[in-house]
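Note sheet for the following structure.
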2 protein chains.
Amino acid sequence: MTDIVIAGIGQTEVGEHWDIGLRELAFSAIQAAVKDSGGLRPQALFAGNMLAPNLSNQAHLGVLLADYAGLTGVEAVTVEAAGASGGAALRQGYLAVASGMVDVALVIGVEKFTDKIGSDVEEALATASDSDFEAVQGMTVTAQAALLMKRYMYEYQVPVDGFAGFALTAHANGATNKYAMYRKAIKAETYARAEMVSDPLNMFDIAPNADGAAAVILTRRDLLPRDFAHPLVKISGSASAADTLALHDRRDVLYFEAAQFSAGKAIKQAGITLDQINFFEYHDAFSIYAALQLESVGFAIRGQGWKLASDGSIGLKGRIPSATFGGLKARGFPGGATGLYQAVEAAAQLRGQAEANQVAGAKYGLIQSLGGPASTAISHILQCLD
Amino acid sequence: MTDIVIAGIGQTEVGEHWDIGLRELAFSAIQAAVKDSGGLRPQALFAGNMLAPNLSNQAHLGVLLADYAGLTGVEAVTVEAAGASGGAALRQGYLAVASGMVDVALVIGVEKFTDKIGSDVEEALATASDSDFEAVQGMTVTAQAALLMKRYMYEYQVPVDGFAGFALTAHANGATNKYAMYRKAIKAETYARAEMVSDPLNMFDIAPNADGAAAVILTRRDLLPRDFAHPLVKISGSASAADTLALHDRRDVLYFEAAQFSAGKAIKQAGITLDQINFFEYHDAFSIYAALQLESVGFAIRGQGWKLASDGSIGLKGRIPSATFGGLKARGFPGGATGLYQAVEAAAQLRGQAEANQVAGAKYGLIQSLGGPASTAISHILQCLD
C-alpha cells in the first residue's frame, strides 16, 4: 500500500471563544490546513466532536462544517468516541484513504465548551461514562479520575506532590506554544498550593475545558508532487481499541488495557520498537491518566509512571518527551478536537517546525487519544518522511 | 478488490421498548447478526445513532455496545449524520473492510426514543437541522417538511390526497413484516380522515418515532467458505454526499442534490444502470421526502414522483417497489438505526427470504438513508451474489 500522509495541518488558539460558533471556529482550522496542503480539495470530511449535541443543540455537525467551508457535495460525517473523538475521526479518515475510495480527506476536530445553550458542562461530559450505572449515580468524570488517582497513590505509596511534574512539564512547554490556552510556566509551589477539586485531584491535575479546532489533510503520497512544499508526515501506524465503558467493570483499574493494545498494534504496524519513538503525546485530561498511559504503553513499569514526571524523563530533552506543546493541561482540552491537536503538534515536531518546543531529531511520534479512563484508546504513529 | 459482503443480518422488532435500554436493544440485533454470519467475530464495531447523547444522556455508545456484547478489545466508534447515521455507519464499516485493515466489521444501528431522561424528542430531532438558523427559530424537522410539501403541491399542482399512496403502500407492506411497528394495511379513507399535524402534513405523511436496532456483519468474500450457509449479498456501490445543512440555503429546495449525487456514484461504482435496480428503500420520514427521492434519484421526472405512489409503481409488483417491508412509515422510524434496517431488509430481499414481501427476482437493491431533508444522503447498492 502506498504511504498515507498528512499533507496539511491547521489549528486555532485554544481558549474561550465566546464571540464565534462551532462553524466559524472549525473553519479557521480547516482554512489553515487546506492552505498548508497547497490547496488540496477534500472529497470527505470527518468531524471529531463530542459535546455539540448537548452543549450547542447541534448534531449533524459534519454537514454543517462542510457546508460552511464551501464543501457541499463531499461526504461528511461526525465521529464520536467521547474525549477520543478526535483520534477516532483521524482513524476514520485514515481508513477512508487506505480504502482507495477517498483520495483527499479532511479531518477536523472541534469543540465549544462555551456554548451552553443546551445542558450543563459536567453533565455533558458525564455522557462519556456509563449513563445508567455511573453518571446517574452522580459520578462525574472528574470524581472518577480522583478515585483512580487515590487508588494509585495507595497501591504505589505515591506522595501528594508525586504528580506535580506532569503539570510543571505541561506548563513549561505551553509557555512557548502560541496556540496554548495557558502560556506560563508554573512552579512546584503553585502546584502545592493549588485548590483541591476532588481529593486528591487538585486544580493542576485537571486539564481545562476549552474551545478549539484543529485539522489535518490526509492523502496518498503518490498523489503529491515529489517536491512538496514542506516535509511530509506519514501515518505509519493506526489502531483503536475499546475497554469496558464503566471503570468498575475492569479487572484491574490501574492498567489501561486499551492503551496498551492500541499502541502495541500501531507500533507493530509501523515496524518499529518502543524505544524508537522520540516523543509521546498522551491524553492528560487528568495527571493520573498520563501516569497510567506511560505505564500501559510501556514507557515505565507499573507503579513508576509518576516518577517520569519528576526525573526529567518527559521533558523536551528527556527520554520520552511528552505533552510537547503543553498537552491537555496547558494547551487546553478542547474535547473532541484534542486528538487532532495531538496530530497537528506531532506533525509540527516531525517537520522540524516546533521552534522552542522542538524535540531534537524527532523521527517517530506516538499520539494517543482517550475516551474516558481509556474506555477508548486510539493510537497513531506519525513518522517524518523527509 | 475482493468483494465486500454482508455475511449476517439481525434486527429487533420496531416499537416502544420501555422495558429495556440501548445496550440490551442493540445486543439482541448484534446477537442475531453474529449468529446469522455463522459466528464471525468482529474486530470493529460501528454504531449508528443520533439521539442517545440527548435523550439518554449517553455518548460513547460504540464502546458501551461493544462492552455489553463481550467485544472489548475491538475498535468501536459512534457515527452520526442525523437520520442518516445508520447509513453513515454502514459506509464507515464498508470503508474499514475495504481498507484491508479490518476483516470483520459489525455495523449496528440503535435508537431509543422512549428514553427521555435527557431533552425533549422534538428538540432532540431538531439538532439535525441548523441550530443557529433553523432550530433556534422554532423550526422543527416536521414543520420544515410541511413547508417543503406545501411548496411541492403549489409548484406541481398536487391534490391534497396526492401523497396518500406512500402511506397505503407502506402499510400494505408493513402488514406482513413481523418486525414492523404497524402491521395493518390502511385504506384511502383512513389517510383522508387523518388528523392534520403541520399543514399539509397529516399523521400518515409522518413516520412514527420508534425504538429499534438492526445490525449487519461485513467481511471480504474471500475470507468465507465457498459453501456459506446462505446467499451472500455484496455491497457493490457505496457513496455519501452532503448538501447545505439549512434548507433555506439551497438554490432549489425541491431537488435533493445529495440524493442524486450519492445514488449516481453508487450506481456507477456497481457498474449498473438505474433500470437494473429491482427495488428502492427510500427514507420516507415524511411522504414528501419519498416523492423527492424518487425524483432526485431518477425514478420519476421532476414533479411526478408523487404519481408513482398512486399508480402502483412502488408496489411489490410495480416498476420500482419501495418501502418493501413498510419503510419508515409502517416499519417505523428508529432514528439512526433506520439505515441498518434498510440494509437488513434489502439483504433479506436479495437472499430471497422476504416471504410475503418478496420482490420477485430481485438482484439489485438501492437503499438510501437521509439526514434532514437530504442534507446528508447515503446510498448503497446491494447485490445478490448467488
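Identifiers for the C-alpha cells are assigned positionally: chains receive A, B, ... in sequence, residues are indexed from 1 per chain, and ligands are indexed from 1 in the order shown.
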Polymer residues at most 10 Å from Asp275 in chain A, only C-alpha atoms, same-chain spacing of 4 or more positions, as a VMD selection string | chain A and resid 279 298 to 299 319 to 320 364
Which polymer residues have any atom within 9 Å of an atom of Glu123 in chain A, counting only C-alpha atoms, with same-chain residues fewer than 6 positions away left out, as an NGL selection string?
-> (:A and (135 or 140)) or (:B and (57))
Output the selection as a compact mmCIF listing (two decimals), in the first residue's frame - N, CA, C and O atoms for each residue.
```txt
# COMPACT_ATOMS: atom_id res chain seq x y z
N ALA A 135 -22.94 7.72 35.61
CA ALA A 135 -23.40 9.12 35.64
C ALA A 135 -24.65 9.30 36.50
O ALA A 135 -24.77 10.26 37.27
N THR A 140 -19.14 12.04 38.30
CA THR A 140 -18.64 12.83 37.17
C THR A 140 -17.32 12.22 36.72
O THR A 140 -16.72 11.39 37.42
N ASN B 57 -28.74 10.71 27.65
CA ASN B 57 -27.52 11.21 28.29
C ASN B 57 -26.35 10.24 28.09
O ASN B 57 -25.51 10.06 28.97
```
Would you give me, as a PyMOL selection string, the residues in range 184-304 of chain A that DSSP reads as strand (DSSP E or B)?
-> chain A and resi 196-198+201-202+206+209+211-220+233-242+279-281+286
Write out as a compact mmCIF listing (two decimals) with all heavy atoms, in the first residue's frame every residue belonging to chain B that has an atom at most 8 Å from any atom of chain A, counting only C-alpha atoms.
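File produced: result.txt:
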```txt
# COMPACT_ATOMS: atom_id res chain seq x y z
N MET B 50 -28.25 8.57 16.61
CA MET B 50 -28.38 10.02 16.55
C MET B 50 -28.67 10.64 17.90
O MET B 50 -28.10 11.66 18.25
CB MET B 50 -29.52 10.37 15.58
CG MET B 50 -29.80 11.85 15.52
SD MET B 50 -31.30 12.27 14.60
CE MET B 50 -31.32 14.05 14.92
N PRO B 53 -27.03 10.86 22.97
CA PRO B 53 -26.47 11.92 23.83
C PRO B 53 -27.56 12.82 24.41
O PRO B 53 -27.44 13.26 25.55
CB PRO B 53 -25.57 12.71 22.87
CG PRO B 53 -25.22 11.74 21.79
CD PRO B 53 -26.44 10.90 21.62
N ASN B 54 -28.59 13.09 23.64
CA ASN B 54 -29.64 13.98 24.12
C ASN B 54 -30.73 13.26 24.92
O ASN B 54 -31.07 13.68 26.02
CB ASN B 54 -30.27 14.73 22.94
CG ASN B 54 -29.29 15.67 22.27
OD1 ASN B 54 -28.56 15.27 21.39
ND2 ASN B 54 -29.23 16.91 22.72
N SER B 56 -30.82 10.00 26.07
CA SER B 56 -30.41 9.03 27.09
C SER B 56 -29.19 9.49 27.87
O SER B 56 -28.65 8.72 28.66
CB SER B 56 -30.10 7.68 26.43
OG SER B 56 -31.10 7.31 25.51
N ASN B 57 -28.74 10.71 27.65
CA ASN B 57 -27.52 11.21 28.29
C ASN B 57 -26.35 10.24 28.09
O ASN B 57 -25.51 10.06 28.97
CB ASN B 57 -27.73 11.44 29.79
CG ASN B 57 -28.54 12.69 30.06
OD1 ASN B 57 -28.74 13.51 29.16
ND2 ASN B 57 -29.03 12.85 31.28
N GLN B 58 -26.30 9.59 26.93
CA GLN B 58 -25.25 8.59 26.69
C GLN B 58 -24.51 8.87 25.40
O GLN B 58 -25.05 8.67 24.31
CB GLN B 58 -25.88 7.19 26.64
CG GLN B 58 -24.87 6.05 26.48
CD GLN B 58 -23.96 5.92 27.70
OE1 GLN B 58 -24.43 5.55 28.77
NE2 GLN B 58 -22.67 6.25 27.55
N ALA B 59 -23.27 9.36 25.51
CA ALA B 59 -22.37 9.39 24.36
C ALA B 59 -21.52 8.11 24.47
O ALA B 59 -21.87 7.20 25.21
CB ALA B 59 -21.49 10.64 24.41
N HIS B 60 -20.43 8.05 23.70
CA HIS B 60 -19.50 6.91 23.83
C HIS B 60 -20.22 5.57 23.63
O HIS B 60 -19.89 4.56 24.27
CB HIS B 60 -18.86 6.96 25.23
CG HIS B 60 -17.37 6.67 25.20
ND1 HIS B 60 -16.57 6.84 26.29
CD2 HIS B 60 -16.56 6.20 24.22
CE1 HIS B 60 -15.33 6.50 26.01
NE2 HIS B 60 -15.30 6.12 24.75
N LEU B 61 -21.22 5.59 22.75
CA LEU B 61 -22.11 4.45 22.60
C LEU B 61 -21.42 3.24 21.97
O LEU B 61 -21.73 2.09 22.32
CB LEU B 61 -23.31 4.87 21.75
CG LEU B 61 -24.45 3.87 21.65
CD1 LEU B 61 -25.13 3.68 22.99
CD2 LEU B 61 -25.46 4.33 20.60
N GLY B 62 -20.51 3.49 21.04
CA GLY B 62 -19.81 2.38 20.40
C GLY B 62 -19.17 1.46 21.43
O GLY B 62 -19.31 0.23 21.38
N VAL B 63 -18.49 2.07 22.40
CA VAL B 63 -17.83 1.28 23.44
C VAL B 63 -18.87 0.59 24.34
O VAL B 63 -18.70 -0.58 24.69
CB VAL B 63 -16.91 2.18 24.30
CG1 VAL B 63 -16.34 1.40 25.48
CG2 VAL B 63 -15.78 2.73 23.44
N LEU B 64 -19.92 1.29 24.67
CA LEU B 64 -20.96 0.68 25.51
C LEU B 64 -21.50 -0.60 24.85
O LEU B 64 -21.63 -1.64 25.51
CB LEU B 64 -22.11 1.67 25.73
CG LEU B 64 -23.31 1.11 26.52
CD1 LEU B 64 -22.93 0.81 27.96
CD2 LEU B 64 -24.49 2.09 26.48
N ALA B 66 -20.07 -2.44 22.42
CA ALA B 66 -19.02 -3.46 22.31
C ALA B 66 -18.85 -4.16 23.65
O ALA B 66 -18.77 -5.40 23.72
CB ALA B 66 -17.72 -2.82 21.86
N ASP B 67 -18.78 -3.36 24.70
CA ASP B 67 -18.60 -3.88 26.05
C ASP B 67 -19.72 -4.86 26.41
O ASP B 67 -19.48 -6.01 26.80
CB ASP B 67 -18.60 -2.65 27.00
CG ASP B 67 -18.40 -3.00 28.47
OD1 ASP B 67 -18.20 -4.19 28.79
OD2 ASP B 67 -18.45 -2.07 29.29
N THR B 72 -14.94 -6.36 24.10
CA THR B 72 -13.88 -5.41 24.48
C THR B 72 -12.59 -5.81 23.76
O THR B 72 -12.33 -6.99 23.53
CB THR B 72 -13.65 -5.38 26.01
OG1 THR B 72 -13.51 -6.71 26.48
CG2 THR B 72 -14.80 -4.71 26.73
N GLY B 73 -11.81 -4.79 23.43
CA GLY B 73 -10.59 -5.02 22.65
C GLY B 73 -10.79 -4.64 21.20
O GLY B 73 -9.85 -4.21 20.54
N VAL B 74 -12.01 -4.77 20.68
CA VAL B 74 -12.26 -4.36 19.31
C VAL B 74 -12.17 -2.84 19.22
O VAL B 74 -12.16 -2.16 20.24
CB VAL B 74 -13.68 -4.77 18.81
CG1 VAL B 74 -13.88 -6.26 18.94
CG2 VAL B 74 -14.78 -3.99 19.50
N GLU B 75 -12.13 -2.31 18.02
CA GLU B 75 -12.27 -0.87 17.93
C GLU B 75 -13.76 -0.56 17.83
O GLU B 75 -14.53 -1.31 17.22
CB GLU B 75 -11.48 -0.26 16.77
CG GLU B 75 -11.95 -0.55 15.38
CD GLU B 75 -11.07 0.19 14.34
OE1 GLU B 75 -11.18 1.41 14.20
OE2 GLU B 75 -10.29 -0.51 13.69
N ALA B 76 -14.17 0.53 18.44
CA ALA B 76 -15.60 0.84 18.50
C ALA B 76 -15.77 2.34 18.43
O ALA B 76 -15.08 3.08 19.11
CB ALA B 76 -16.20 0.31 19.80
N VAL B 77 -16.70 2.77 17.60
CA VAL B 77 -16.89 4.19 17.40
C VAL B 77 -18.34 4.47 17.07
O VAL B 77 -19.04 3.59 16.57
CB VAL B 77 -15.92 4.67 16.27
CG1 VAL B 77 -16.42 4.22 14.92
CG2 VAL B 77 -15.72 6.16 16.31
N THR B 78 -18.80 5.67 17.40
CA THR B 78 -20.15 6.07 17.04
C THR B 78 -20.08 6.97 15.82
O THR B 78 -19.22 7.85 15.74
CB THR B 78 -20.83 6.83 18.19
OG1 THR B 78 -20.70 6.05 19.38
CG2 THR B 78 -22.31 7.06 17.89
N VAL B 79 -20.97 6.74 14.89
CA VAL B 79 -21.00 7.51 13.65
C VAL B 79 -22.35 8.22 13.59
O VAL B 79 -23.39 7.59 13.77
CB VAL B 79 -20.83 6.57 12.44
CG1 VAL B 79 -20.88 7.36 11.14
CG2 VAL B 79 -19.54 5.78 12.55
N GLU B 80 -22.31 9.52 13.36
CA GLU B 80 -23.55 10.29 13.41
C GLU B 80 -23.71 11.19 12.21
O GLU B 80 -22.78 11.91 11.82
CB GLU B 80 -23.56 11.11 14.72
CG GLU B 80 -24.88 11.80 15.02
CD GLU B 80 -24.97 13.18 14.38
OE1 GLU B 80 -23.95 13.88 14.33
OE2 GLU B 80 -26.06 13.53 13.90
N ALA B 81 -24.84 11.12 11.59
CA ALA B 81 -25.21 12.02 10.49
C ALA B 81 -26.72 12.19 10.53
O ALA B 81 -27.42 11.94 9.55
CB ALA B 81 -24.74 11.46 9.15
N ALA B 82 -27.23 12.53 11.72
CA ALA B 82 -28.66 12.71 11.96
C ALA B 82 -29.43 11.44 11.55
O ALA B 82 -28.98 10.35 11.88
CB ALA B 82 -29.17 13.96 11.26
N ALA B 88 -24.54 6.06 7.46
CA ALA B 88 -23.17 6.53 7.65
C ALA B 88 -22.31 5.47 8.33
O ALA B 88 -21.14 5.28 7.98
CB ALA B 88 -23.17 7.82 8.47
N GLN B 92 -18.97 3.64 6.89
CA GLN B 92 -17.68 3.56 7.60
C GLN B 92 -17.23 2.11 7.74
O GLN B 92 -16.05 1.80 7.62
CB GLN B 92 -17.77 4.22 8.99
CG GLN B 92 -18.01 5.72 8.96
CD GLN B 92 -17.10 6.46 8.01
OE1 GLN B 92 -15.89 6.31 8.06
NE2 GLN B 92 -17.67 7.22 7.11
N LEU B 95 -15.88 1.10 4.38
CA LEU B 95 -14.54 1.66 4.14
C LEU B 95 -13.48 0.92 4.96
O LEU B 95 -12.37 0.68 4.47
CB LEU B 95 -14.51 3.16 4.48
CG LEU B 95 -15.31 4.09 3.55
CD1 LEU B 95 -15.34 5.51 4.11
CD2 LEU B 95 -14.72 4.08 2.13
N ALA B 96 -13.82 0.57 6.19
CA ALA B 96 -12.87 -0.13 7.05
C ALA B 96 -12.49 -1.49 6.46
O ALA B 96 -11.31 -1.86 6.42
CB ALA B 96 -13.45 -0.29 8.46
N VAL B 97 -13.49 -2.23 5.98
CA VAL B 97 -13.19 -3.54 5.39
C VAL B 97 -12.46 -3.34 4.06
O VAL B 97 -11.50 -4.05 3.76
CB VAL B 97 -14.48 -4.37 5.21
CG1 VAL B 97 -14.18 -5.69 4.51
CG2 VAL B 97 -15.12 -4.65 6.58
N ALA B 98 -12.88 -2.34 3.30
CA ALA B 98 -12.22 -2.07 2.01
C ALA B 98 -10.75 -1.69 2.19
O ALA B 98 -9.92 -1.93 1.32
CB ALA B 98 -12.95 -0.95 1.26
N SER B 99 -10.43 -1.09 3.34
CA SER B 99 -9.04 -0.67 3.59
C SER B 99 -8.10 -1.85 3.79
O SER B 99 -6.89 -1.70 3.74
CB SER B 99 -8.98 0.22 4.84
OG SER B 99 -9.06 -0.56 6.02
N GLY B 100 -8.69 -3.01 4.07
CA GLY B 100 -7.86 -4.19 4.34
C GLY B 100 -7.37 -4.25 5.78
O GLY B 100 -6.68 -5.20 6.17
N MET B 101 -7.72 -3.27 6.59
CA MET B 101 -7.25 -3.23 7.98
C MET B 101 -8.23 -3.89 8.95
O MET B 101 -7.89 -4.13 10.09
CB MET B 101 -7.03 -1.79 8.42
CG MET B 101 -6.19 -1.04 7.42
SD MET B 101 -4.89 -0.09 8.14
CE MET B 101 -3.96 0.26 6.65
N ALA B 124 -34.65 17.30 20.44
CA ALA B 124 -33.51 16.45 20.07
C ALA B 124 -33.46 16.26 18.56
O ALA B 124 -32.39 16.34 17.95
CB ALA B 124 -33.60 15.12 20.79
N THR B 127 -31.90 18.96 16.45
CA THR B 127 -30.44 19.09 16.40
C THR B 127 -29.89 18.64 15.04
O THR B 127 -28.74 18.90 14.72
CB THR B 127 -29.72 18.29 17.51
OG1 THR B 127 -29.98 16.89 17.33
CG2 THR B 127 -30.17 18.71 18.90
N ALA B 128 -30.74 17.97 14.24
CA ALA B 128 -30.34 17.56 12.89
C ALA B 128 -30.30 18.74 11.93
O ALA B 128 -29.65 18.69 10.91
CB ALA B 128 -31.30 16.52 12.35
N SER B 129 -31.01 19.79 12.26
CA SER B 129 -31.03 20.96 11.39
C SER B 129 -30.04 21.99 11.89
O SER B 129 -29.27 21.74 12.82
CB SER B 129 -32.45 21.54 11.32
OG SER B 129 -32.87 21.95 12.60
N ASP B 130 -30.02 23.14 11.27
CA ASP B 130 -29.05 24.17 11.65
C ASP B 130 -29.54 24.83 12.95
O ASP B 130 -30.53 25.56 12.95
CB ASP B 130 -28.95 25.19 10.51
CG ASP B 130 -27.79 26.16 10.71
OD1 ASP B 130 -27.58 26.59 11.86
OD2 ASP B 130 -27.10 26.48 9.72
N SER B 131 -28.83 24.54 14.01
CA SER B 131 -29.28 25.00 15.32
C SER B 131 -29.39 26.52 15.39
O SER B 131 -30.39 27.07 15.86
CB SER B 131 -28.31 24.50 16.40
OG SER B 131 -28.64 25.00 17.66
N ALA B 239 -21.78 5.26 -1.43
CA ALA B 239 -21.42 6.67 -1.58
C ALA B 239 -22.24 7.54 -0.63
O ALA B 239 -23.35 7.18 -0.25
CB ALA B 239 -21.65 7.13 -3.02
N SER B 240 -21.65 8.64 -0.25
CA SER B 240 -22.30 9.56 0.67
C SER B 240 -22.06 10.97 0.18
O SER B 240 -20.99 11.28 -0.35
CB SER B 240 -21.68 9.36 2.06
OG SER B 240 -22.14 10.34 2.97
N ALA B 241 -23.05 11.82 0.34
CA ALA B 241 -22.88 13.22 -0.09
C ALA B 241 -23.61 14.16 0.86
O ALA B 241 -24.62 13.79 1.46
CB ALA B 241 -23.40 13.41 -1.51
N ALA B 242 -23.08 15.35 0.98
CA ALA B 242 -23.68 16.38 1.83
C ALA B 242 -24.20 17.52 0.96
O ALA B 242 -23.57 17.90 -0.03
CB ALA B 242 -22.64 16.92 2.81
N ASP B 243 -25.33 18.06 1.36
CA ASP B 243 -25.86 19.28 0.76
C ASP B 243 -25.71 20.39 1.80
O ASP B 243 -25.03 20.20 2.80
CB ASP B 243 -27.34 19.06 0.39
CG ASP B 243 -27.83 20.02 -0.69
OD1 ASP B 243 -27.26 21.13 -0.84
OD2 ASP B 243 -28.78 19.66 -1.39
N THR B 244 -26.32 21.53 1.60
CA THR B 244 -26.32 22.53 2.67
C THR B 244 -27.09 21.94 3.85
O THR B 244 -28.00 21.14 3.66
CB THR B 244 -27.04 23.82 2.23
OG1 THR B 244 -28.44 23.54 2.04
CG2 THR B 244 -26.45 24.36 0.94
N LEU B 245 -26.70 22.32 5.04
CA LEU B 245 -27.43 21.83 6.20
C LEU B 245 -28.81 22.50 6.26
O LEU B 245 -29.84 21.82 6.40
CB LEU B 245 -26.65 22.09 7.50
CG LEU B 245 -27.30 21.53 8.76
CD1 LEU B 245 -27.45 20.01 8.69
CD2 LEU B 245 -26.53 21.93 10.00
N ALA B 258 -27.98 15.92 -2.99
CA ALA B 258 -27.12 14.90 -2.37
C ALA B 258 -27.66 13.50 -2.64
O ALA B 258 -26.90 12.54 -2.77
CB ALA B 258 -27.00 15.15 -0.86
N PHE B 261 -26.64 12.79 -6.22
CA PHE B 261 -25.20 12.64 -6.34
C PHE B 261 -24.71 11.31 -5.74
O PHE B 261 -23.93 10.59 -6.37
CB PHE B 261 -24.52 13.84 -5.66
CG PHE B 261 -23.05 13.95 -5.90
CD1 PHE B 261 -22.55 14.09 -7.18
CD2 PHE B 261 -22.16 13.92 -4.84
CE1 PHE B 261 -21.18 14.19 -7.41
CE2 PHE B 261 -20.79 14.01 -5.05
CZ PHE B 261 -20.30 14.14 -6.33
N GLY B 371 -30.25 12.33 6.16
CA GLY B 371 -30.17 13.13 7.37
C GLY B 371 -30.80 14.47 7.06
O GLY B 371 -30.34 15.16 6.15
N SER B 375 -29.84 16.68 3.66
CA SER B 375 -28.62 17.41 3.96
C SER B 375 -27.47 16.41 3.90
O SER B 375 -26.37 16.72 3.49
CB SER B 375 -28.71 18.05 5.34
OG SER B 375 -29.79 18.94 5.39
N THR B 376 -27.76 15.20 4.35
CA THR B 376 -26.90 14.05 4.09
C THR B 376 -27.71 13.03 3.30
O THR B 376 -28.88 12.81 3.63
CB THR B 376 -26.46 13.35 5.40
OG1 THR B 376 -25.66 14.25 6.17
CG2 THR B 376 -25.67 12.09 5.13
```
Using only C-alpha atoms, determine which residues lie at most 10 Å from range 17-19 of chain A, disregarding the query and same-chain residues fewer than 3 positions distant; provide the list as number ranges by chain.
-> A: 13-14, 22, 24-25, 112-115, 210-212
Write a file of the just-selected residues containing N, CA, C and O atoms, as a PDB file, in the first residue's frame.
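The resulting result_30.pdb:
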```pdb
ATOM      1  N   GLU A  13      -6.157  28.959  18.109  1.00  0.00           N
ATOM      2  CA  GLU A  13      -5.771  29.139  19.501  1.00  0.00           C
ATOM      3  C   GLU A  13      -6.812  28.435  20.390  1.00  0.00           C
ATOM      4  O   GLU A  13      -8.001  28.484  20.100  1.00  0.00           O
ATOM      5  N   VAL A  14      -6.338  27.785  21.439  1.00  0.00           N
ATOM      6  CA  VAL A  14      -7.255  27.147  22.376  1.00  0.00           C
ATOM      7  C   VAL A  14      -7.605  28.161  23.466  1.00  0.00           C
ATOM      8  O   VAL A  14      -6.721  28.867  23.956  1.00  0.00           O
ATOM      9  N   LEU A  22     -19.386  27.138  16.499  1.00  0.00           N
ATOM     10  CA  LEU A  22     -18.690  25.937  16.062  1.00  0.00           C
ATOM     11  C   LEU A  22     -18.195  26.057  14.621  1.00  0.00           C
ATOM     12  O   LEU A  22     -17.072  25.684  14.303  1.00  0.00           O
ATOM     13  N   GLU A  24     -17.567  28.710  12.670  1.00  0.00           N
ATOM     14  CA  GLU A  24     -16.505  29.683  12.420  1.00  0.00           C
ATOM     15  C   GLU A  24     -15.179  29.187  13.010  1.00  0.00           C
ATOM     16  O   GLU A  24     -14.117  29.320  12.404  1.00  0.00           O
ATOM     17  N   LEU A  25     -15.271  28.610  14.200  1.00  0.00           N
ATOM     18  CA  LEU A  25     -14.080  28.078  14.859  1.00  0.00           C
ATOM     19  C   LEU A  25     -13.442  26.982  14.000  1.00  0.00           C
ATOM     20  O   LEU A  25     -12.233  27.006  13.724  1.00  0.00           O
ATOM     21  N   LYS A 112     -16.747  23.269  21.450  1.00  0.00           N
ATOM     22  CA  LYS A 112     -17.040  24.552  22.076  1.00  0.00           C
ATOM     23  C   LYS A 112     -17.661  24.320  23.441  1.00  0.00           C
ATOM     24  O   LYS A 112     -18.834  23.974  23.550  1.00  0.00           O
ATOM     25  N   PHE A 113     -16.866  24.506  24.477  1.00  0.00           N
ATOM     26  CA  PHE A 113     -17.390  24.372  25.832  1.00  0.00           C
ATOM     27  C   PHE A 113     -18.166  25.622  26.249  1.00  0.00           C
ATOM     28  O   PHE A 113     -18.962  25.579  27.158  1.00  0.00           O
ATOM     29  N   THR A 114     -17.855  26.743  25.565  1.00  0.00           N
ATOM     30  CA  THR A 114     -18.534  27.985  25.965  1.00  0.00           C
ATOM     31  C   THR A 114     -19.928  28.121  25.369  1.00  0.00           C
ATOM     32  O   THR A 114     -20.635  29.049  25.693  1.00  0.00           O
ATOM     33  N   ASP A 115     -20.314  27.202  24.470  1.00  0.00           N
ATOM     34  CA  ASP A 115     -21.715  27.156  24.040  1.00  0.00           C
ATOM     35  C   ASP A 115     -22.472  26.389  25.112  1.00  0.00           C
ATOM     36  O   ASP A 115     -22.201  25.210  25.326  1.00  0.00           O
ATOM     37  N   ALA A 210     -11.965  23.721  27.141  1.00  0.00           N
ATOM     38  CA  ALA A 210     -11.695  24.893  26.311  1.00  0.00           C
ATOM     39  C   ALA A 210     -12.277  24.720  24.925  1.00  0.00           C
ATOM     40  O   ALA A 210     -12.603  23.615  24.498  1.00  0.00           O
ATOM     41  N   ASP A 211     -12.395  25.826  24.225  1.00  0.00           N
ATOM     42  CA  ASP A 211     -12.822  25.816  22.825  1.00  0.00           C
ATOM     43  C   ASP A 211     -11.595  25.676  21.937  1.00  0.00           C
ATOM     44  O   ASP A 211     -10.541  26.247  22.239  1.00  0.00           O
ATOM     45  N   GLY A 212     -11.761  24.991  20.839  1.00  0.00           N
ATOM     46  CA  GLY A 212     -10.651  24.903  19.900  1.00  0.00           C
ATOM     47  C   GLY A 212     -11.010  24.039  18.702  1.00  0.00           C
ATOM     48  O   GLY A 212     -11.999  23.295  18.728  1.00  0.00           O
TER      49      GLY A 212
END
```
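In this model, the gap between CA of Ala188 in chain B and CA of Gly165 in chain B comes to 8.1 Å.
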Tell me which protein, DNA and RNA residues are within 12 Å of Gln269 in chain B, counting only C-alpha atoms, leaving out same-chain ones fewer than 4 positions away, and put them as a count of residues only.
-> 15
Using only C-alpha atoms, which of the listed residues (A:His248, A:Lys35, A:Lys187, A:Arg23) sits closest to Val110 in chain A?
->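 Nearest to Val110 in chain A: A:Arg23.
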Would you please give, as JSON, numbers by chain, all residues of range 161-242 of chain A that DSSP assigns to helix (DSSP H, G or I) based on the backbone?
-> {"A": [164, 165, 166, 167, 168, 169, 170, 171, 172, 173, 174, 188, 189, 190, 191, 192, 193, 203, 204, 205, 221, 222, 223]}
Tell me, in Å to one decimal, how far CA of Gln144 in chain A is from CA of Ala323 in chain A.
->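 Going from CA of Gln144 in chain A over to CA of Ala323 in chain A, I get 22.5 Å.
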